[in-house]
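Presented below is the structure to which this report refers.
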Number of protein chains: 2
Amino acid sequence: MAMTVLRRRMNAQFHYTGIRVKDLDASLAFYTNVLGMTVRGRATIPESHGVVVDLVSEGSSHPLELNYYEPGSRFDVPFTAGEGLDHLAFRVPDLDRAIAEAAAAGAPVAHEVRTPRSRWVYLRDPNGIWIELSA
Amino acid sequence: MAMTVLRRRMNAQFHYTGIRVKDLDASLAFYTNVLGMTVRGRATIPESHGVVVDLVSEGSSHPLELNYYEPGSRFDVPFTAGEGLDHLAFRVPDLDRAIAEAAAAGAPVAHEVRTPRSRWVYLRDPNGIWIELSA
């Protein structure tokens with residue numbers, strides 16, 4: 001993609017992150033029960049035969065939007081867990097407690113990273129998306 | 001994934017969104033020159049042979065993290081633009097002006113949606129990720 005430097009840069013605000021979900025109930029259960037997010041809004045989109053649900057977490061004004069497409073929607077293409085979305089990161093007040101809570105809710109730690117100065121873990125959401133937890 | 005309702009929900013804060021990029025310079029040019037984001041931090045991660053760059057936009061405290069993995073990194077797997085990341089959304093003060101600025105910077109509108117009450121457009125980032133712009 002050829003690009004030139006603009007004199008005036010677009011004053012765009014990073015507004016929300018939209019992920020696609022295969023099973024809306026399963027993803028809603030994960031993001032609300034495991035990660036403690038709250039449903040802020042829900043809408044059906046007739047033109048795409050889809051449903052969008054906006055979730056927010058405490059301390060963040062950036063919603064996570066779940067995008068579900070009904071069978072027959074032109075966006076209901078086979079789901080592949082591609083590499084474009086590397087991970088979604090969540091910060092928790094107490095990592096060990098969060099790990100225990102997530103495991104009790106059915107989402108055990110899938111990978112743990114320790115460095116001399118820090119430590120963080122990854123879970124998988126119901127679609128295979130990596131969820132990073134750190135304190 | 002079997003899940004039970006927790007009595008106490010995890011107090012997790014949605015902290016940032018991490019996308020993987022194939023060409024760090026190309027993605028940096030897109031998110032800074034086209035979308036006007038600012039580099040807040042950059043780090044090399046020896047253990048993953050990777051580089052992470054944190055970008056922020058005005059009016060948002062939620063960073064976009066670009067994740068680049070050097071050849072030979074165990075995370076340098078073939079890139080596929082999967083369906084898990086539906087889109088990244090940016091809000092602009094003036095949609096027509098933003099469309100013109102993006103096109104001048106080499107990122108033309110790829111898809112436009114009009115409803116009776118609203119209008120929004122999509123661009124593609126250098127990795128094929130859908131970028132939504134709305135006013």
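If you're wondering about the labels, chains in the structure tokens are A, B, ... by order shown, residues count from 1 in each chain, ligands from 1 in order shown.
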Considering only C-alpha atoms, give me a table of residues in chain A that are at most 6 Å from chain B, with the closest atom pair and distance in Å for each, as CSV.
residue,atom,partner,partner_atom,distance
A:Ala2,CA,B:Gly106,CA,5.6
A:Met3,CA,B:Gly106,CA,4.9
A:Thr4,CA,B:Ala105,CA,5.3
A:Val5,CA,B:Asn33,CA,5.9
A:Arg9,CA,B:Gly36,CA,4.9
A:Met10,CA,B:Gly36,CA,5.0
A:Ala12,CA,B:Val92,CA,4.6
A:Gln13,CA,B:Arg91,CA,5.0
A:Phe14,CA,B:Phe90,CA,4.5
A:His15,CA,B:Phe90,CA,4.9
A:Tyr16,CA,B:Ala89,CA,5.3
A:Thr17,CA,B:Leu88,CA,4.9
A:Gly18,CA,B:His87,CA,5.1
A:Ile19,CA,B:Leu85,CA,4.5
A:Arg20,CA,B:Asp86,CA,5.1
A:Asn33,CA,B:Val5,CA,5.9
A:Leu35,CA,B:Met10,CA,5.4
A:Gly36,CA,B:Arg9,CA,4.9
A:Ser57,CA,B:Gln13,CA,5.3
A:Glu58,CA,B:Gln13,CA,5.6
A:Gly59,CA,B:Gln13,CA,5.8
A:Phe79,CA,B:Glu83,CA,5.5
A:Thr80,CA,B:Gly82,CA,4.9
A:Ala81,CA,B:Gly82,CA,5.2
A:Gly82,CA,B:Gly82,CA,3.4
A:Glu83,CA,B:Thr80,CA,5.4
A:Gly84,CA,B:Arg20,CA,5.1
A:Leu85,CA,B:Ile19,CA,4.6
A:Asp86,CA,B:Ile19,CA,4.6
A:His87,CA,B:Gly18,CA,5.1
A:Leu88,CA,B:Thr17,CA,5.0
A:Ala89,CA,B:Tyr16,CA,5.3
A:Phe90,CA,B:Phe14,CA,4.6
A:Arg91,CA,B:Gln13,CA,5.0
A:Val92,CA,B:Ala12,CA,4.6
A:Ala105,CA,B:Met3,CA,4.9
A:Gly106,CA,B:Met3,CA,4.9
Would you save the residues from that selection as a short mmCIF file (atom, residue, chain, number, x, y, z; two decimals), in the first residue's frame, using N, CA, C and O atoms?
data_model
loop_
_atom_site.label_atom_id
_atom_site.label_comp_id
_atom_site.auth_asym_id
_atom_site.auth_seq_id
_atom_site.Cartn_x
_atom_site.Cartn_y
_atom_site.Cartn_z
N ALA A 2 0.83 2.04 -1.06
CA ALA A 2 1.64 3.26 -1.12
C ALA A 2 1.00 4.34 -0.26
O ALA A 2 -0.20 4.54 -0.32
N MET A 3 1.80 4.97 0.54
CA MET A 3 1.23 6.00 1.41
C MET A 3 2.11 7.22 1.44
O MET A 3 3.32 7.12 1.43
N THR A 4 1.49 8.35 1.49
CA THR A 4 2.23 9.60 1.63
C THR A 4 1.92 10.16 3.01
O THR A 4 0.89 9.89 3.58
N VAL A 5 2.85 10.94 3.51
CA VAL A 5 2.62 11.54 4.82
C VAL A 5 1.63 12.70 4.68
O VAL A 5 1.78 13.54 3.80
N ARG A 9 -3.19 15.07 10.23
CA ARG A 9 -3.55 13.69 10.47
C ARG A 9 -5.00 13.58 10.91
O ARG A 9 -5.52 14.45 11.60
N MET A 10 -5.62 12.48 10.49
CA MET A 10 -7.01 12.25 10.85
C MET A 10 -7.15 12.17 12.37
O MET A 10 -6.41 11.47 13.03
N ALA A 12 -8.85 10.58 14.49
CA ALA A 12 -9.72 9.43 14.72
C ALA A 12 -9.52 8.88 16.13
O ALA A 12 -8.40 8.79 16.62
N GLN A 13 -10.64 8.52 16.73
CA GLN A 13 -10.60 7.96 18.08
C GLN A 13 -10.83 6.45 17.98
O GLN A 13 -11.81 6.00 17.38
N PHE A 14 -9.92 5.65 18.56
CA PHE A 14 -10.09 4.20 18.60
C PHE A 14 -11.28 3.91 19.51
O PHE A 14 -11.22 4.14 20.71
N HIS A 15 -12.36 3.43 18.93
CA HIS A 15 -13.67 3.50 19.56
C HIS A 15 -14.08 2.17 20.21
O HIS A 15 -14.55 2.13 21.33
N TYR A 16 -13.96 1.08 19.47
CA TYR A 16 -14.26 -0.23 20.06
C TYR A 16 -13.59 -1.32 19.25
O TYR A 16 -13.09 -1.08 18.15
N THR A 17 -13.58 -2.52 19.80
CA THR A 17 -13.00 -3.69 19.13
C THR A 17 -14.12 -4.70 18.89
O THR A 17 -14.83 -5.07 19.85
N GLY A 18 -14.29 -5.09 17.65
CA GLY A 18 -15.36 -6.03 17.31
C GLY A 18 -14.81 -7.40 16.97
O GLY A 18 -13.98 -7.52 16.08
N ILE A 19 -15.25 -8.40 17.69
CA ILE A 19 -14.86 -9.77 17.35
C ILE A 19 -16.08 -10.53 16.85
O ILE A 19 -17.21 -10.20 17.20
N ARG A 20 -15.82 -11.52 16.02
CA ARG A 20 -16.92 -12.35 15.55
C ARG A 20 -17.07 -13.55 16.46
O ARG A 20 -16.07 -14.12 16.91
N ASN A 33 -19.52 -13.89 32.61
CA ASN A 33 -19.29 -14.71 33.80
C ASN A 33 -17.82 -14.84 34.14
O ASN A 33 -17.44 -14.83 35.31
N LEU A 35 -15.02 -13.00 32.67
CA LEU A 35 -14.26 -11.74 32.72
C LEU A 35 -15.03 -10.60 33.39
O LEU A 35 -14.47 -9.52 33.59
N GLY A 36 -16.27 -10.82 33.72
CA GLY A 36 -17.01 -9.82 34.49
C GLY A 36 -17.44 -8.60 33.71
O GLY A 36 -17.71 -7.54 34.30
N SER A 57 -16.15 -3.13 30.44
CA SER A 57 -15.59 -3.57 31.72
C SER A 57 -15.34 -2.35 32.59
O SER A 57 -15.22 -1.22 32.08
N GLU A 58 -15.27 -2.57 33.88
CA GLU A 58 -15.01 -1.47 34.80
C GLU A 58 -13.66 -0.83 34.48
O GLU A 58 -12.68 -1.53 34.21
N GLY A 59 -13.62 0.47 34.51
CA GLY A 59 -12.35 1.16 34.32
C GLY A 59 -11.96 1.34 32.87
O GLY A 59 -10.87 1.84 32.58
N PHE A 79 -15.82 -19.99 9.98
CA PHE A 79 -14.99 -19.31 10.98
C PHE A 79 -13.59 -19.91 10.98
O PHE A 79 -13.41 -21.11 11.05
N THR A 80 -12.59 -19.05 10.88
CA THR A 80 -11.22 -19.49 11.06
C THR A 80 -10.58 -18.57 12.09
O THR A 80 -10.76 -17.35 12.04
N ALA A 81 -9.87 -19.15 13.05
CA ALA A 81 -9.21 -18.35 14.09
C ALA A 81 -7.89 -17.84 13.55
O ALA A 81 -6.84 -18.31 13.91
N GLY A 82 -7.94 -16.86 12.68
CA GLY A 82 -6.75 -16.37 11.98
C GLY A 82 -5.73 -15.73 12.91
O GLY A 82 -5.89 -15.71 14.13
N GLU A 83 -4.70 -15.20 12.30
CA GLU A 83 -3.59 -14.62 13.06
C GLU A 83 -3.70 -13.12 13.18
O GLU A 83 -2.86 -12.49 13.82
N GLY A 84 -4.70 -12.52 12.55
CA GLY A 84 -4.80 -11.07 12.58
C GLY A 84 -5.06 -10.51 13.97
O GLY A 84 -4.51 -9.49 14.35
N LEU A 85 -5.93 -11.19 14.70
CA LEU A 85 -6.16 -10.79 16.09
C LEU A 85 -5.17 -11.56 16.96
O LEU A 85 -5.31 -12.77 17.14
N ASP A 86 -4.18 -10.88 17.48
CA ASP A 86 -3.17 -11.57 18.28
C ASP A 86 -3.76 -11.93 19.65
O ASP A 86 -3.73 -13.08 20.05
N HIS A 87 -4.27 -10.95 20.36
CA HIS A 87 -4.87 -11.24 21.65
C HIS A 87 -5.65 -10.03 22.16
O HIS A 87 -5.42 -8.91 21.71
N LEU A 88 -6.57 -10.27 23.08
CA LEU A 88 -7.27 -9.21 23.81
C LEU A 88 -6.73 -9.22 25.23
O LEU A 88 -6.64 -10.28 25.86
N ALA A 89 -6.36 -8.06 25.75
CA ALA A 89 -5.70 -7.99 27.05
C ALA A 89 -6.61 -7.41 28.11
O ALA A 89 -7.28 -6.38 27.88
N PHE A 90 -6.65 -8.06 29.26
CA PHE A 90 -7.41 -7.59 30.41
C PHE A 90 -6.47 -7.47 31.60
O PHE A 90 -5.60 -8.32 31.81
N ARG A 91 -6.68 -6.43 32.38
CA ARG A 91 -5.88 -6.21 33.58
C ARG A 91 -6.75 -6.53 34.80
O ARG A 91 -7.90 -6.12 34.86
N VAL A 92 -6.18 -7.27 35.72
CA VAL A 92 -6.94 -7.67 36.92
C VAL A 92 -6.19 -7.21 38.16
O VAL A 92 -4.96 -7.05 38.15
N ALA A 105 -14.75 -21.08 36.62
CA ALA A 105 -15.81 -20.78 35.65
C ALA A 105 -15.63 -21.55 34.35
O ALA A 105 -16.35 -21.32 33.39
N GLY A 106 -14.67 -22.46 34.31
CA GLY A 106 -14.51 -23.31 33.13
C GLY A 106 -13.49 -22.83 32.13
O GLY A 106 -13.42 -23.35 31.03
#
For the strand (DSSP E or B) assignment from backbone DSSP, which residues of chain A qualify? Please present them as a ChimeraX atom specification. /A:13-20,38-45,50-56,64-69,85-91,111-114,119-124,130-134
Can you tell me which residues surround B:Gly41 at a distance of at most 9 Å, considering only C-alpha atoms, apart from same-chain residues fewer than 4 positions away, and format the answer as a PyMOL selection string? chain B and resi 52-55
Output file for the selection above: N, CA, C and O atoms, as a tab-separated table (two decimals), in the first residue's frame:
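selection-v4.tsv written:
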chain	number	residue	atom	x	y	z
B	52	VAL	N	6.79	-5.30	20.03
B	52	VAL	CA	5.45	-4.77	20.24
B	52	VAL	C	5.53	-3.25	20.22
B	52	VAL	O	6.46	-2.66	20.75
B	53	VAL	N	4.55	-2.65	19.57
B	53	VAL	CA	4.44	-1.19	19.51
B	53	VAL	C	3.04	-0.81	19.97
B	53	VAL	O	2.06	-1.33	19.45
B	54	ASP	N	2.96	0.06	20.96
B	54	ASP	CA	1.67	0.51	21.48
B	54	ASP	C	1.31	1.85	20.86
B	54	ASP	O	2.09	2.80	20.90
B	55	LEU	N	0.11	1.90	20.30
B	55	LEU	CA	-0.39	3.10	19.65
B	55	LEU	C	-1.63	3.58	20.38
B	55	LEU	O	-2.46	2.77	20.81
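You will find atom CA of B:Arg124 at 19.2 Å from atom CA of B:Thr38.
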With DSSP run on the backbone, what are the helix (DSSP H, G or I) residues within stretch 16-113 of chain A? I'd like them as a PyMOL selection string. chain A and resi 24-34+46-48+95-104
Give me a file of those residues, with N, CA, C and O atoms, as a compact mmCIF listing (two decimals), in the first residue's frame.
# COMPACT_ATOMS: atom_id res chain seq x y z
N LEU A 24 -23.42 -17.00 20.20
CA LEU A 24 -23.54 -15.76 20.97
C LEU A 24 -23.70 -16.05 22.46
O LEU A 24 -23.09 -15.37 23.30
N ASP A 25 -24.50 -17.06 22.81
CA ASP A 25 -24.70 -17.36 24.23
C ASP A 25 -23.40 -17.80 24.90
O ASP A 25 -23.10 -17.40 26.03
N ALA A 26 -22.63 -18.63 24.22
CA ALA A 26 -21.37 -19.11 24.80
C ALA A 26 -20.39 -17.95 25.00
O ALA A 26 -19.71 -17.86 26.03
N SER A 27 -20.33 -17.05 24.02
CA SER A 27 -19.40 -15.92 24.16
C SER A 27 -19.88 -14.94 25.21
O SER A 27 -19.09 -14.39 25.98
N LEU A 28 -21.20 -14.71 25.26
CA LEU A 28 -21.73 -13.83 26.31
C LEU A 28 -21.43 -14.40 27.69
O LEU A 28 -21.05 -13.66 28.61
N ALA A 29 -21.59 -15.71 27.85
CA ALA A 29 -21.30 -16.33 29.15
C ALA A 29 -19.84 -16.15 29.51
O ALA A 29 -19.50 -15.83 30.66
N PHE A 30 -18.96 -16.31 28.55
CA PHE A 30 -17.53 -16.16 28.83
C PHE A 30 -17.19 -14.73 29.24
O PHE A 30 -16.56 -14.50 30.28
N TYR A 31 -17.61 -13.76 28.45
CA TYR A 31 -17.17 -12.38 28.72
C TYR A 31 -17.87 -11.77 29.94
O TYR A 31 -17.33 -10.88 30.58
N THR A 32 -19.07 -12.26 30.25
CA THR A 32 -19.74 -11.73 31.45
C THR A 32 -19.38 -12.57 32.68
O THR A 32 -18.95 -12.03 33.69
N ASN A 33 -19.52 -13.89 32.61
CA ASN A 33 -19.29 -14.71 33.80
C ASN A 33 -17.82 -14.84 34.14
O ASN A 33 -17.44 -14.83 35.31
N VAL A 34 -16.97 -15.05 33.14
CA VAL A 34 -15.55 -15.25 33.43
C VAL A 34 -14.84 -13.92 33.61
O VAL A 34 -14.12 -13.71 34.59
N PRO A 46 -30.73 -5.76 10.57
CA PRO A 46 -31.46 -6.49 9.52
C PRO A 46 -30.63 -6.66 8.24
O PRO A 46 -30.67 -7.72 7.62
N GLU A 47 -29.88 -5.65 7.87
CA GLU A 47 -29.19 -5.73 6.58
C GLU A 47 -28.11 -6.79 6.53
O GLU A 47 -27.81 -7.34 5.47
N SER A 48 -27.50 -7.11 7.69
CA SER A 48 -26.47 -8.15 7.69
C SER A 48 -26.99 -9.45 8.30
O SER A 48 -26.26 -10.42 8.40
N LEU A 95 -3.77 -11.39 40.14
CA LEU A 95 -3.67 -12.39 39.07
C LEU A 95 -3.99 -13.79 39.57
O LEU A 95 -4.72 -14.54 38.91
N ASP A 96 -3.47 -14.17 40.71
CA ASP A 96 -3.74 -15.53 41.21
C ASP A 96 -5.23 -15.75 41.47
O ASP A 96 -5.77 -16.81 41.16
N ARG A 97 -5.85 -14.75 42.04
CA ARG A 97 -7.29 -14.85 42.28
C ARG A 97 -8.06 -14.95 40.97
O ARG A 97 -9.01 -15.73 40.84
N ALA A 98 -7.66 -14.14 39.99
CA ALA A 98 -8.33 -14.16 38.69
C ALA A 98 -8.16 -15.53 38.02
O ALA A 98 -9.10 -16.05 37.41
N ILE A 99 -6.97 -16.11 38.14
CA ILE A 99 -6.73 -17.43 37.55
C ILE A 99 -7.65 -18.47 38.18
O ILE A 99 -8.25 -19.30 37.49
N ALA A 100 -7.78 -18.41 39.49
CA ALA A 100 -8.65 -19.36 40.19
C ALA A 100 -10.11 -19.16 39.80
O ALA A 100 -10.84 -20.13 39.58
N GLU A 101 -10.52 -17.89 39.70
CA GLU A 101 -11.91 -17.61 39.33
C GLU A 101 -12.20 -18.08 37.90
O GLU A 101 -13.26 -18.64 37.63
N ALA A 102 -11.26 -17.85 37.01
CA ALA A 102 -11.47 -18.26 35.63
C ALA A 102 -11.54 -19.78 35.52
O ALA A 102 -12.39 -20.34 34.82
N ALA A 103 -10.65 -20.46 36.25
CA ALA A 103 -10.66 -21.92 36.22
C ALA A 103 -11.98 -22.46 36.77
O ALA A 103 -12.57 -23.40 36.21
N ALA A 104 -12.45 -21.85 37.86
CA ALA A 104 -13.72 -22.30 38.45
C ALA A 104 -14.87 -22.07 37.50
O ALA A 104 -15.89 -22.78 37.55
How many Å separate atom CA of B:Ala43 from atom CA of A:Leu123?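 Interatomic distance here is 23.1 Å.
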